[in-house]
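What follows is protein-v2.cif (mmCIF, C-alpha atoms).
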data_model
#
loop_
_atom_site.label_atom_id
_atom_site.label_comp_id
_atom_site.auth_asym_id
_atom_site.auth_seq_id
_atom_site.Cartn_x
_atom_site.Cartn_y
_atom_site.Cartn_z
CA MET V 654 -17.57 -6.08 5.08
CA ARG V 655 -17.06 -6.27 8.85
CA GLN V 656 -13.28 -6.30 8.38
CA ARG V 657 -13.43 -3.25 6.10
CA VAL V 658 -15.51 -1.38 8.64
CA ALA V 659 -12.96 -2.29 11.34
CA TYR V 660 -10.10 -0.91 9.22
CA VAL V 661 -11.94 2.30 8.44
CA ALA V 662 -12.84 2.77 12.11
CA THR V 663 -9.25 2.04 13.14
CA GLY V 664 -7.89 4.54 10.64
CA ALA V 665 -10.34 7.18 11.85
CA CYS V 666 -9.37 6.54 15.48
CA LEU V 667 -5.69 6.73 14.57
CA LEU V 668 -6.16 10.03 12.77
CA ALA V 669 -8.15 11.54 15.63
CA ALA V 670 -5.67 10.35 18.26
CA VAL V 671 -2.67 11.65 16.33
CA LEU V 672 -4.23 15.05 15.71
CA VAL V 673 -5.18 15.48 19.36
CA SER V 674 -1.77 14.25 20.53
CA ALA V 675 0.13 16.46 18.10
CA THR V 676 -1.94 19.47 19.07
CA LEU V 677 -1.19 18.93 22.75
CA THR V 678 2.52 18.21 22.39
CA GLY V 679 3.59 20.60 19.68
CA TRP V 680 2.06 21.40 16.31
CA ASN V 681 4.48 22.14 13.49
CA GLY V 682 2.07 23.99 11.25
CA LEU V 683 2.24 21.47 8.38
CA PHE V 684 5.61 23.00 7.54
CA ASP V 685 6.76 20.35 5.08
CA LEU V 686 3.41 20.24 3.30
CA ARG V 687 3.71 23.99 2.82
CA VAL V 688 7.18 23.51 1.35
CA TYR V 689 5.90 20.84 -1.04
CA ARG V 690 3.02 22.99 -2.23
CA GLY V 691 5.05 26.17 -2.51
CA ALA V 692 7.96 24.61 -4.38
CA VAL V 693 5.82 22.62 -6.81
CA SER V 694 3.54 25.61 -7.48
CA PHE V 695 6.61 27.78 -8.12
CA TRP V 696 7.99 25.13 -10.47
CA LEU V 697 4.71 24.69 -12.38
CA ALA V 698 4.70 28.46 -12.90
CA GLY V 699 8.12 28.24 -14.59
CA GLY V 700 10.48 28.70 -11.65
CA ASP V 701 13.47 26.62 -10.52
CA LEU V 702 12.17 23.83 -8.31
CA TYR V 703 15.36 23.77 -6.22
CA ALA V 704 15.74 27.54 -5.95
CA TYR V 705 12.46 27.95 -4.08
CA LEU V 706 12.58 28.71 -0.36
CA LEU V 707 9.50 28.81 1.84
CA PRO V 708 8.99 32.47 2.77
CA GLY V 709 10.53 33.24 6.14
CA SER V 710 12.66 30.08 6.17
CA PRO V 711 15.87 28.72 4.59
CA TYR V 712 14.17 25.49 3.49
CA GLY V 713 13.11 24.36 0.05
CA PHE V 714 12.38 21.21 -1.94
CA THR V 715 14.91 18.42 -1.32
CA TYR V 716 13.37 15.37 -3.01
CA PRO V 717 13.98 14.00 -6.53
CA PRO V 718 11.99 15.76 -9.27
CA ALA V 719 9.77 12.68 -9.69
CA ALA V 720 8.36 13.50 -6.26
CA ALA V 721 7.39 16.97 -7.48
CA ILE V 722 5.38 15.46 -10.33
CA LEU V 723 3.59 13.09 -7.97
CA MET V 724 2.89 15.95 -5.57
CA ALA V 725 1.46 18.22 -8.26
CA PRO V 726 -2.15 17.46 -7.22
CA LEU V 727 -1.34 18.74 -3.71
CA ALA V 728 -0.07 21.97 -5.23
CA VAL V 729 -3.12 22.68 -7.38
CA ALA V 730 -5.76 21.52 -4.89
CA PRO V 731 -7.24 23.96 -2.36
CA TRP V 732 -5.36 24.00 0.94
CA PRO V 733 -8.07 22.20 2.98
CA VAL V 734 -8.24 19.44 0.37
CA ALA V 735 -4.44 19.04 0.37
CA VAL V 736 -4.37 18.85 4.16
CA GLY V 737 -7.20 16.35 4.29
CA ALA V 738 -5.63 14.17 1.62
CA SER V 739 -2.28 14.20 3.44
CA PHE V 740 -3.88 13.14 6.71
CA VAL V 741 -6.16 10.46 5.27
CA VAL V 742 -3.53 8.84 3.06
CA SER V 743 -0.98 8.73 5.90
CA ALA V 744 -3.55 7.28 8.33
CA ALA V 745 -4.60 4.66 5.77
CA ALA V 746 -0.97 3.70 5.11
CA LEU V 747 -0.17 3.25 8.78
CA THR V 748 -3.35 1.27 9.40
CA GLY V 749 -2.51 -1.06 6.53
CA VAL V 750 1.06 -1.56 7.72
CA LEU V 751 -0.06 -2.31 11.28
CA SER V 752 -2.78 -4.72 10.14
CA TRP V 753 -0.10 -6.74 8.33
CA LEU V 754 2.54 -6.54 11.03
CA VAL V 755 0.25 -7.73 13.86
CA GLY V 756 -0.90 -10.79 11.91
CA PRO V 757 1.45 -13.27 13.65
CA LEU V 758 0.66 -11.77 17.06
CA THR V 759 -3.07 -12.19 16.41
CA ALA V 760 -2.55 -15.80 15.34
CA ARG V 761 -0.41 -16.64 18.38
CA THR V 762 -2.59 -15.01 21.02
CA GLY V 763 -5.97 -15.85 19.57
CA TRP V 764 -7.15 -12.32 20.34
CA PRO V 765 -9.67 -10.70 17.99
CA PRO V 766 -7.80 -9.07 15.08
CA GLY V 767 -9.69 -5.80 15.57
CA ALA V 768 -8.63 -5.59 19.21
CA VAL V 769 -4.98 -6.25 18.41
CA LEU V 770 -5.05 -3.68 15.62
CA LEU V 771 -6.66 -1.08 17.87
CA CYS V 772 -4.01 -1.63 20.55
CA ALA V 773 -1.24 -1.29 17.97
CA THR V 774 -2.90 1.81 16.58
CA ALA V 775 -3.16 3.41 20.00
CA GLY V 776 0.52 2.74 20.61
CA ALA V 777 1.52 4.13 17.22
CA ALA V 778 -0.55 7.28 17.69
CA MET V 779 1.50 8.17 20.77
CA LEU V 780 4.88 7.92 19.03
CA ASP V 781 6.65 11.22 18.50
CA PRO V 782 7.66 10.23 14.93
CA VAL V 783 4.03 9.55 14.00
CA ARG V 784 2.87 12.81 15.53
CA ALA V 785 5.63 14.59 13.61
CA VAL V 786 4.56 13.06 10.28
CA PHE V 787 1.07 14.46 10.70
CA SER V 788 2.03 17.80 12.19
CA PHE V 789 4.67 18.46 9.50
CA GLY V 790 2.55 17.03 6.67
CA GLN V 791 5.31 14.56 5.81
CA VAL V 792 5.29 11.61 3.37
CA ASN V 793 7.20 9.00 5.37
CA LEU V 794 4.18 6.90 6.37
CA VAL V 795 3.11 6.68 2.74
CA LEU V 796 6.59 5.47 1.76
CA LEU V 797 6.56 2.94 4.61
CA GLY V 798 3.19 1.73 3.34
CA LEU V 799 4.52 1.32 -0.21
CA VAL V 800 7.53 -0.70 0.93
CA ALA V 801 5.53 -2.85 3.36
CA ALA V 802 2.90 -3.58 0.72
CA ASP V 803 5.62 -4.58 -1.72
CA LEU V 804 7.24 -6.94 0.77
CA GLY V 805 4.01 -8.42 2.13
CA LEU V 806 1.91 -8.66 -1.03
CA LEU V 807 4.47 -9.08 -3.80
CA VAL V 808 7.89 -10.16 -2.53
CA ALA V 809 6.52 -12.75 -0.08
CA ARG V 810 4.36 -14.21 -2.86
CA ARG V 811 7.12 -14.10 -5.46
CA HIS V 812 4.91 -12.01 -7.68
CA ARG V 813 6.41 -10.95 -11.00
CA LEU V 814 5.99 -7.27 -10.00
CA ALA V 815 7.80 -7.71 -6.68
CA GLY V 816 10.07 -4.71 -6.10
CA ILE V 817 7.91 -2.14 -7.86
CA GLY V 818 6.71 -0.55 -4.60
CA ILE V 819 10.26 -0.16 -3.34
CA GLY V 820 11.27 1.44 -6.63
CA LEU V 821 8.37 3.90 -6.51
CA ALA V 822 9.09 4.81 -2.89
CA ALA V 823 12.76 5.44 -3.74
CA ALA V 824 11.74 7.64 -6.67
CA VAL V 825 9.98 9.92 -4.19
CA LYS V 826 12.68 9.86 -1.52
CA LEU V 827 16.06 8.15 -1.76
CA VAL V 828 16.07 6.51 1.69
CA PRO V 829 14.00 3.45 0.57
CA LEU V 830 16.85 2.50 -1.77
CA VAL V 831 18.26 0.59 1.21
CA PHE V 832 15.53 -1.99 0.55
CA VAL V 833 17.07 -2.73 -2.85
CA LEU V 834 20.14 -3.79 -0.88
CA TYR V 835 17.83 -5.95 1.26
CA LEU V 836 16.52 -7.70 -1.85
CA LEU V 837 20.07 -8.27 -3.08
CA ALA V 838 21.30 -9.51 0.29
CA THR V 839 18.46 -12.04 0.47
CA ARG V 840 19.07 -13.20 -3.14
CA ARG V 841 15.78 -11.87 -4.45
CA TYR V 842 17.55 -10.73 -7.57
CA ARG V 843 14.54 -10.42 -9.83
CA ALA V 844 12.72 -8.23 -7.31
CA ALA V 845 15.87 -6.13 -6.85
CA ALA V 846 16.12 -5.68 -10.62
CA THR V 847 12.45 -4.66 -10.77
CA ALA V 848 12.95 -2.13 -7.97
CA ALA V 849 16.03 -0.68 -9.66
CA ALA V 850 14.29 -0.59 -13.05
CA THR V 851 11.25 1.15 -11.56
CA PHE V 852 13.46 3.73 -9.89
CA GLY V 853 15.44 4.24 -13.09
CA ALA V 854 12.31 4.46 -15.25
CA ALA V 855 10.83 7.09 -12.95
CA GLY V 856 14.03 9.09 -13.22
CA ALA V 857 14.17 8.72 -17.00
CA LEU V 858 10.55 9.75 -17.49
CA THR V 859 11.08 12.73 -15.21
CA ALA V 860 14.20 13.74 -17.13
CA ALA V 861 12.16 13.67 -20.35
CA VAL V 862 9.39 15.78 -18.85
CA ALA V 863 11.51 18.08 -16.67
CA PRO V 864 15.13 18.01 -17.90
CA ASP V 865 16.21 21.19 -16.12
CA ALA V 866 14.90 20.08 -12.72
CA SER V 867 16.44 16.63 -13.19
CA ARG V 868 19.82 18.08 -14.12
CA ARG V 869 19.69 20.51 -11.20
CA TYR V 870 18.93 17.73 -8.72
CA TRP V 871 21.21 14.90 -9.85
CA LEU V 872 24.20 17.12 -10.61
CA GLY V 873 23.95 19.52 -7.70
CA ALA V 874 21.14 19.61 -5.17
CA LEU V 875 21.54 15.93 -4.27
CA PHE V 876 25.01 16.57 -2.87
CA GLU V 877 24.16 19.70 -0.92
CA LEU V 878 23.59 18.00 2.42
CA ARG V 879 22.89 21.21 4.28
CA ARG V 880 19.95 21.98 2.01
CA VAL V 881 17.92 19.66 4.21
CA GLY V 882 19.09 21.29 7.44
CA GLU V 883 21.97 21.38 9.88
CA PRO V 884 23.17 17.79 10.61
CA GLY V 885 23.93 18.70 14.23
CA PHE V 886 20.39 19.91 14.92
CA VAL V 887 18.86 17.79 17.68
CA PHE V 888 15.96 16.69 15.46
CA ASN V 889 18.47 14.72 13.36
CA GLN V 890 18.47 11.43 15.26
CA SER V 891 20.76 9.48 12.97
CA LEU V 892 24.08 8.03 14.05
CA TYR V 893 25.84 10.78 12.11
CA GLY V 894 23.77 13.46 13.81
CA ALA V 895 24.71 12.08 17.22
CA LEU V 896 28.39 11.95 16.31
CA VAL V 897 28.34 15.54 15.04
CA ARG V 898 26.90 16.63 18.36
CA LEU V 899 29.36 14.57 20.41
CA LEU V 900 32.67 14.72 18.50
CA PRO V 901 34.83 17.35 16.83
CA ASP V 902 33.89 17.93 13.19
CA ALA V 903 37.04 16.23 11.87
CA ALA V 904 36.26 13.00 13.74
CA ALA V 905 32.53 12.73 13.08
CA VAL V 906 32.64 11.60 9.45
CA PRO V 907 35.30 8.85 9.87
CA ALA V 908 33.53 7.53 12.96
CA TRP V 909 30.20 7.51 11.10
CA VAL V 910 31.69 5.61 8.15
CA VAL V 911 33.28 2.95 10.36
CA LEU V 912 30.24 2.46 12.59
CA SER V 913 27.88 2.37 9.60
CA ALA V 914 30.04 -0.31 7.98
CA VAL V 915 29.89 -2.40 11.15
CA LEU V 916 26.11 -2.04 11.37
CA ALA V 917 25.72 -2.85 7.67
CA ALA V 918 27.80 -6.01 8.02
CA ALA V 919 25.71 -7.17 10.99
CA TRP V 920 22.51 -6.33 9.08
CA CYS V 921 23.64 -8.30 6.02
CA TRP V 922 24.40 -11.34 8.14
CA ALA V 923 21.03 -11.12 9.89
CA VAL V 924 18.79 -10.64 6.85
CA ARG V 925 20.56 -13.47 5.02
CA ARG V 926 19.90 -15.69 8.02
CA THR V 927 16.14 -15.11 8.27
CA GLY V 928 13.48 -15.48 5.60
CA ASP V 929 10.79 -13.52 7.41
CA VAL V 930 10.00 -10.38 5.41
CA ARG V 931 8.56 -8.70 8.51
CA LEU V 932 11.85 -9.12 10.30
CA GLY V 933 13.65 -8.01 7.15
CA LEU V 934 11.52 -4.86 6.99
CA ALA V 935 12.24 -4.14 10.65
CA LEU V 936 16.00 -4.68 10.34
CA THR V 937 16.34 -2.67 7.15
CA GLY V 938 14.18 0.18 8.44
CA ALA V 939 16.30 0.43 11.58
CA LEU V 940 19.52 0.34 9.54
CA GLY V 941 18.25 3.14 7.32
CA CYS V 942 17.40 5.32 10.32
CA LEU V 943 20.81 4.79 11.87
CA CYS V 944 23.09 5.03 8.84
CA SER V 945 21.42 7.78 6.84
CA PRO V 946 23.28 11.07 7.39
CA ILE V 947 19.95 12.77 8.11
CA SER V 948 17.14 11.05 10.01
CA TRP V 949 14.73 13.69 11.22
CA GLY V 950 12.33 12.65 13.95
CA HIS V 951 9.54 11.89 11.48
CA HIS V 952 11.86 9.52 9.58
CA LEU V 953 11.79 7.23 12.62
CA VAL V 954 8.39 5.83 11.63
CA TRP V 955 10.60 3.23 9.93
CA LEU V 956 11.15 1.86 13.46
CA ILE V 957 7.48 0.93 13.86
CA PRO V 958 8.00 -2.54 12.32
CA ALA V 959 10.83 -3.16 14.79
CA LEU V 960 8.57 -2.34 17.74
CA VAL V 961 5.84 -4.71 16.55
CA VAL V 962 8.17 -7.53 15.50
CA LEU V 963 10.05 -7.47 18.81
CA ALA V 964 6.84 -7.37 20.85
CA GLU V 965 5.62 -10.43 18.94
CA ALA V 966 9.01 -12.12 19.45
CA GLY V 967 8.75 -11.75 23.21
CA ALA V 968 11.32 -8.95 23.57
CA VAL V 969 8.73 -6.87 25.38
CA ALA V 970 11.19 -5.04 27.60
CA VAL V 971 13.24 -3.73 24.68
CA ALA V 972 10.20 -2.89 22.56
CA GLY V 973 8.40 -1.27 25.48
CA GLY V 974 11.44 0.71 26.56
CA ALA V 975 12.10 1.98 23.03
CA TRP V 976 8.42 2.83 22.58
CA THR V 977 8.48 4.83 25.81
CA VAL V 978 11.57 6.74 24.71
CA LEU V 979 10.12 7.42 21.26
CA CYS V 980 6.97 8.82 22.84
CA SER V 981 8.84 11.03 25.28
CA ARG V 982 10.05 14.02 23.21
CA LEU V 983 13.09 14.04 25.52
CA ILE V 984 15.36 15.26 22.75
CA TRP V 985 13.68 18.66 22.87
CA THR V 986 14.55 19.19 26.53
CA THR V 987 18.26 19.55 25.80
CA GLU V 988 18.42 21.71 22.69
CA GLY V 989 21.53 23.87 22.75
CA ASP V 990 22.89 22.30 25.96
CA ARG V 991 26.20 20.48 25.49
CA ALA V 992 26.58 19.09 29.00
CA ILE V 993 27.29 15.36 29.25
CA VAL V 994 23.82 14.42 30.52
CA ALA V 995 22.19 16.65 27.93
CA ALA V 996 24.33 15.09 25.20
CA VAL V 997 23.04 11.63 26.13
CA VAL V 998 19.42 12.73 26.46
CA GLY V 999 19.65 14.69 23.22
CA ASN V 1000 20.60 11.49 21.39
CA VAL V 1001 18.13 9.24 23.15
CA TYR V 1002 16.23 8.34 19.96
CA VAL V 1003 19.52 7.16 18.45
CA LEU V 1004 20.10 4.99 21.51
CA ALA V 1005 16.58 3.58 21.15
CA SER V 1006 17.28 2.79 17.49
CA LEU V 1007 20.50 1.00 18.42
CA ALA V 1008 18.72 -1.01 21.11
CA LEU V 1009 16.02 -2.07 18.66
CA PHE V 1010 18.62 -3.00 16.05
CA ALA V 1011 20.57 -5.12 18.52
CA ALA V 1012 17.40 -6.90 19.67
CA LEU V 1013 16.43 -7.58 16.05
CA LEU V 1014 19.86 -9.12 15.44
CA ARG V 1015 19.29 -11.42 18.37
CA THR V 1016 15.83 -12.34 17.08
CA ALA V 1017 17.32 -13.16 13.68
CA THR V 1018 19.88 -15.39 15.42
CA GLU V 1019 17.16 -17.28 17.28
CA THR V 1020 14.65 -17.68 14.44
CA GLY V 1021 16.50 -17.43 11.15
CA ASP V 1022 17.33 -20.89 9.91
CA ALA V 1023 15.55 -20.96 6.54
CA PRO V 1024 17.91 -20.95 3.58
CA HIS V 1025 17.42 -18.36 0.86
CA PRO V 1026 16.87 -19.67 -2.66
CA PRO V 1027 19.49 -19.46 -5.37
CA ALA V 1028 19.26 -16.65 -7.91
CA ALA V 1029 17.64 -18.92 -10.49
CA SER V 1030 14.54 -19.26 -8.32
CA ALA V 1031 13.87 -15.54 -8.45
CA ALA V 1032 11.53 -16.18 -11.37
CA GLY V 1033 10.29 -19.40 -9.86
CA SER V 1034 6.88 -20.81 -9.18
CA THR V 1035 4.19 -19.65 -6.82
CA PRO V 1036 4.52 -20.86 -3.21
CA ASN V 1037 2.66 -24.04 -2.33
CA PRO V 1038 -0.81 -22.97 -1.11
CA ALA V 1039 -0.71 -25.68 1.55
CA ALA V 1040 2.25 -24.05 3.20
CA PHE V 1041 0.71 -20.62 3.65
CA LYS V 1042 -2.49 -19.34 5.10
CA SER V 1043 -2.08 -16.09 3.19
CA GLY V 1044 0.42 -14.40 0.94
CA ASP V 1045 1.90 -12.38 3.79
CA GLY V 1046 3.61 -15.49 5.07
CA ALA V 1047 1.23 -16.54 7.89
CA PRO V 1048 1.62 -20.32 8.24
CA ASP V 1049 -1.32 -22.66 7.99
CA PRO V 1050 -2.34 -23.86 11.49
CA ALA V 1051 -2.26 -27.47 10.40
CA THR V 1052 1.25 -27.10 9.07
CA ALA V 1053 2.37 -25.42 12.27
CA LYS V 1054 0.89 -28.22 14.35
CA ALA V 1055 2.55 -30.88 12.20
CA SER V 1056 5.89 -29.19 12.54
CA GLY V 1057 5.76 -29.34 16.29
CA GLY V 1058 3.99 -26.37 17.79
CA THR V 1059 3.54 -22.64 17.51
CA PRO V 1060 5.67 -20.80 14.95
CA GLY V 1061 8.66 -18.96 16.37
CA PRO V 1062 8.78 -15.20 16.86
CA THR V 1063 8.07 -13.36 13.61
CA ALA V 1064 9.09 -16.51 11.77
CA ALA V 1065 5.92 -16.62 9.72
CA LEU V 1066 7.84 -17.43 6.55
CA THR V 1067 10.32 -19.85 8.07
CA ALA V 1068 8.15 -21.87 10.47
CA ALA V 1069 6.09 -23.58 7.78
CA ALA V 1070 6.75 -26.84 5.95
CA PRO V 1071 9.80 -27.26 3.70
CA GLN V 1072 7.78 -26.07 0.70
CA ALA V 1073 7.42 -22.72 2.41
CA GLN V 1074 11.16 -22.34 2.61
CA ARG V 1075 11.29 -21.84 -1.16
CA HIS V 1076 10.48 -18.16 -0.72
CA PRO V 1077 12.07 -15.57 -3.02
#
Could I get this file's structure written as structure tokens?
Amino acid sequence: MRQRVAYVATGACLLAAVLVSATLTGWNGLFDLRVYRGAVSFWLAGGDLYAYLLPGSPYGFTYPPAAAILMAPLAVAPWPVAVGASFVVSAAALTGVLSWLVGPLTARTGWPPGAVLLCATAGAAMLDPVRAVFSFGQVNLVLLGLVAADLGLLVARRHRLAGIGIGLAAAVKLVPLVFVLYLLATRRYRAAATAAATFGAAGALTAAVAPDASRRYWLGALFELRRVGEPGFVFNQSLYGALVRLLPDAAAVPAWVVLSAVLAAAWCWAVRRTGDVRLGLALTGALGCLCSPISWGHHLVWLIPALVVLAEAGAVAVAGGAWTVLCSRLIWTTEGDRAIVAAVVGNVYVLASLALFAALLRTATETGDAPHPPAASAAGSTPNPAAFKSGDGAPDPATAKASGGTPGPTAALTAAAPQAQRHP
């Protein structure tokens, strides 16, 4: 009961801090939530889901039609209820993600879990991406929560439903599909198949219920990149966005393809080297932010695991520097200015993402020695209870002591006894 009260209090503090911070630094009028409600309401009334534009703007619905079905309650609920639900669900998702991510740090420091969680919450509340999620009414924290819950509660425990959260998140927004690649790269083939099947089933069910919207999206709207906004707009802090701002148009796409391939190769090597799902979440989230053609500022909540994992690993300078940059809103000081200094400052979130990614690669090099299981073990047995303190991969203290000391940075899954190395 005490732990539940601590989580509720932490979530409430997070919500209050974010709302105050967003109000002081720039409120975006719940723009995206208004788009969701308007488009889905228009669609439920018989209109074309992807023809809707929010009055006074060129923006409409850009997600798969399955997302529209899931968002239908937001469209029919009164506006205050929709706003409250958006805020509470996002705050709960972030609180849950942080409570899982800080587990190894709590175990290593011996600090009270509530205190560690409150510190992490305070830091997260100050991040520009987190403020943007709340002030736009975005869904990215909910998707992060779904993926983190899947990895921590199902994938790490080799549950038969492992992968379902990733599939559901991808059905709402395509970016989480990168985590299917993570499951494949780490030989968690059964979980990858479950994620793909969940995504496919959501698409098939949506096609049966809403064939016109499904056809319109998968055969047209999906490929209209500029429906989501201008790639060169400063709020797009992906690698492609930076290249569009820095290079001639003809050179941006080839450079993006080559650099993304290099980053993907490094990512594949790193996630295959380490068995820690926290580190895998951090690496894959950072890769998604960098290589996606569009990564608006609120998409960068996928960097939160990287900040926590690196702080726990001892890379405090990198994590602290990136956190400072991501709190700064510096990108908005250079909008429309193409001077050299402005070009660097206008891409500073991209630089922070690259720094985090590089530091995560180094962490994987230092801690990732656990072999991944062969494909046949994807349907294997439950992990040995003696090797784990909990399903999220926290090692039993006795096991850690027997193995020669404190577990390595974020190596919760790899620092335990040999039985623990039989993870999915």
For this file, the PyMOL selection byres ((chain V and resi 901-915) around 12) selects which residues, as a count of residues only? 29
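Picture a line from CA of Leu799 in chain V to CA of Gly749 in chain V; it runs 10.0 Å.
Comparing V:Ser743, V:Thr937, V:Asn793, V:Thr859 by their smallest distance to Val833 in chain V, the closest is V:Thr937 (using only C-alpha atoms).
This file, filtered with the PyMOL selection byres ((chain V and resi 963) around 9), gives the residues Leu932, Pro958, Ala959, Leu960, Val961, Val962, Ala964, Glu965, Ala966, Gly967, Ala968, Val969, Val971, Ala972, Leu1009, Ala1012, Leu1013, Thr1016, Pro1062 and Thr1063 of chain V.
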Counting only C-alpha atoms, the residue of V:Lys826, V:Arg841, V:Arg880, V:His952 that sits nearest Val808 in chain V: V:Arg841
Run the PyMOL selection byres ((chain V and resi 684) around 10) on the file and write out the hits as a list in words. Trp680, Asn681, Gly682, Leu683, Asp685, Leu686, Arg687, Val688, Tyr689, Leu707, Tyr712, Ser788, Phe789, Gly790 and Gln791 of chain V
Write the residues of the selection above to a file with C-alpha atoms, as a PDB file, in the frame of the given file.
ATOM      1  CA  TRP V 680       2.060  21.400  16.310  1.00  0.00           C
ATOM      2  CA  ASN V 681       4.480  22.140  13.490  1.00  0.00           C
ATOM      3  CA  GLY V 682       2.070  23.990  11.250  1.00  0.00           C
ATOM      4  CA  LEU V 683       2.240  21.470   8.380  1.00  0.00           C
ATOM      5  CA  ASP V 685       6.760  20.350   5.080  1.00  0.00           C
ATOM      6  CA  LEU V 686       3.410  20.240   3.300  1.00  0.00           C
ATOM      7  CA  ARG V 687       3.710  23.990   2.820  1.00  0.00           C
ATOM      8  CA  VAL V 688       7.180  23.510   1.350  1.00  0.00           C
ATOM      9  CA  TYR V 689       5.900  20.840  -1.040  1.00  0.00           C
ATOM     10  CA  LEU V 707       9.500  28.810   1.840  1.00  0.00           C
ATOM     11  CA  TYR V 712      14.170  25.490   3.490  1.00  0.00           C
ATOM     12  CA  SER V 788       2.030  17.800  12.190  1.00  0.00           C
ATOM     13  CA  PHE V 789       4.670  18.460   9.500  1.00  0.00           C
ATOM     14  CA  GLY V 790       2.550  17.030   6.670  1.00  0.00           C
ATOM     15  CA  GLN V 791       5.310  14.560   5.810  1.00  0.00           C
TER      16      GLN V 791
END
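Interatomic distance, CA of Leu797 in chain V to CA of Ala768 in chain V: 22.7 Å.
Distance check against Val800 in chain V using all atoms listed in the file: of V:Val734, V:Val783, V:Ala822, V:Ala775, the minimum falls on V:Ala822.
Here CA of Ala848 in chain V stands at a distance of 27.7 Å from CA of Gly713 in chain V.
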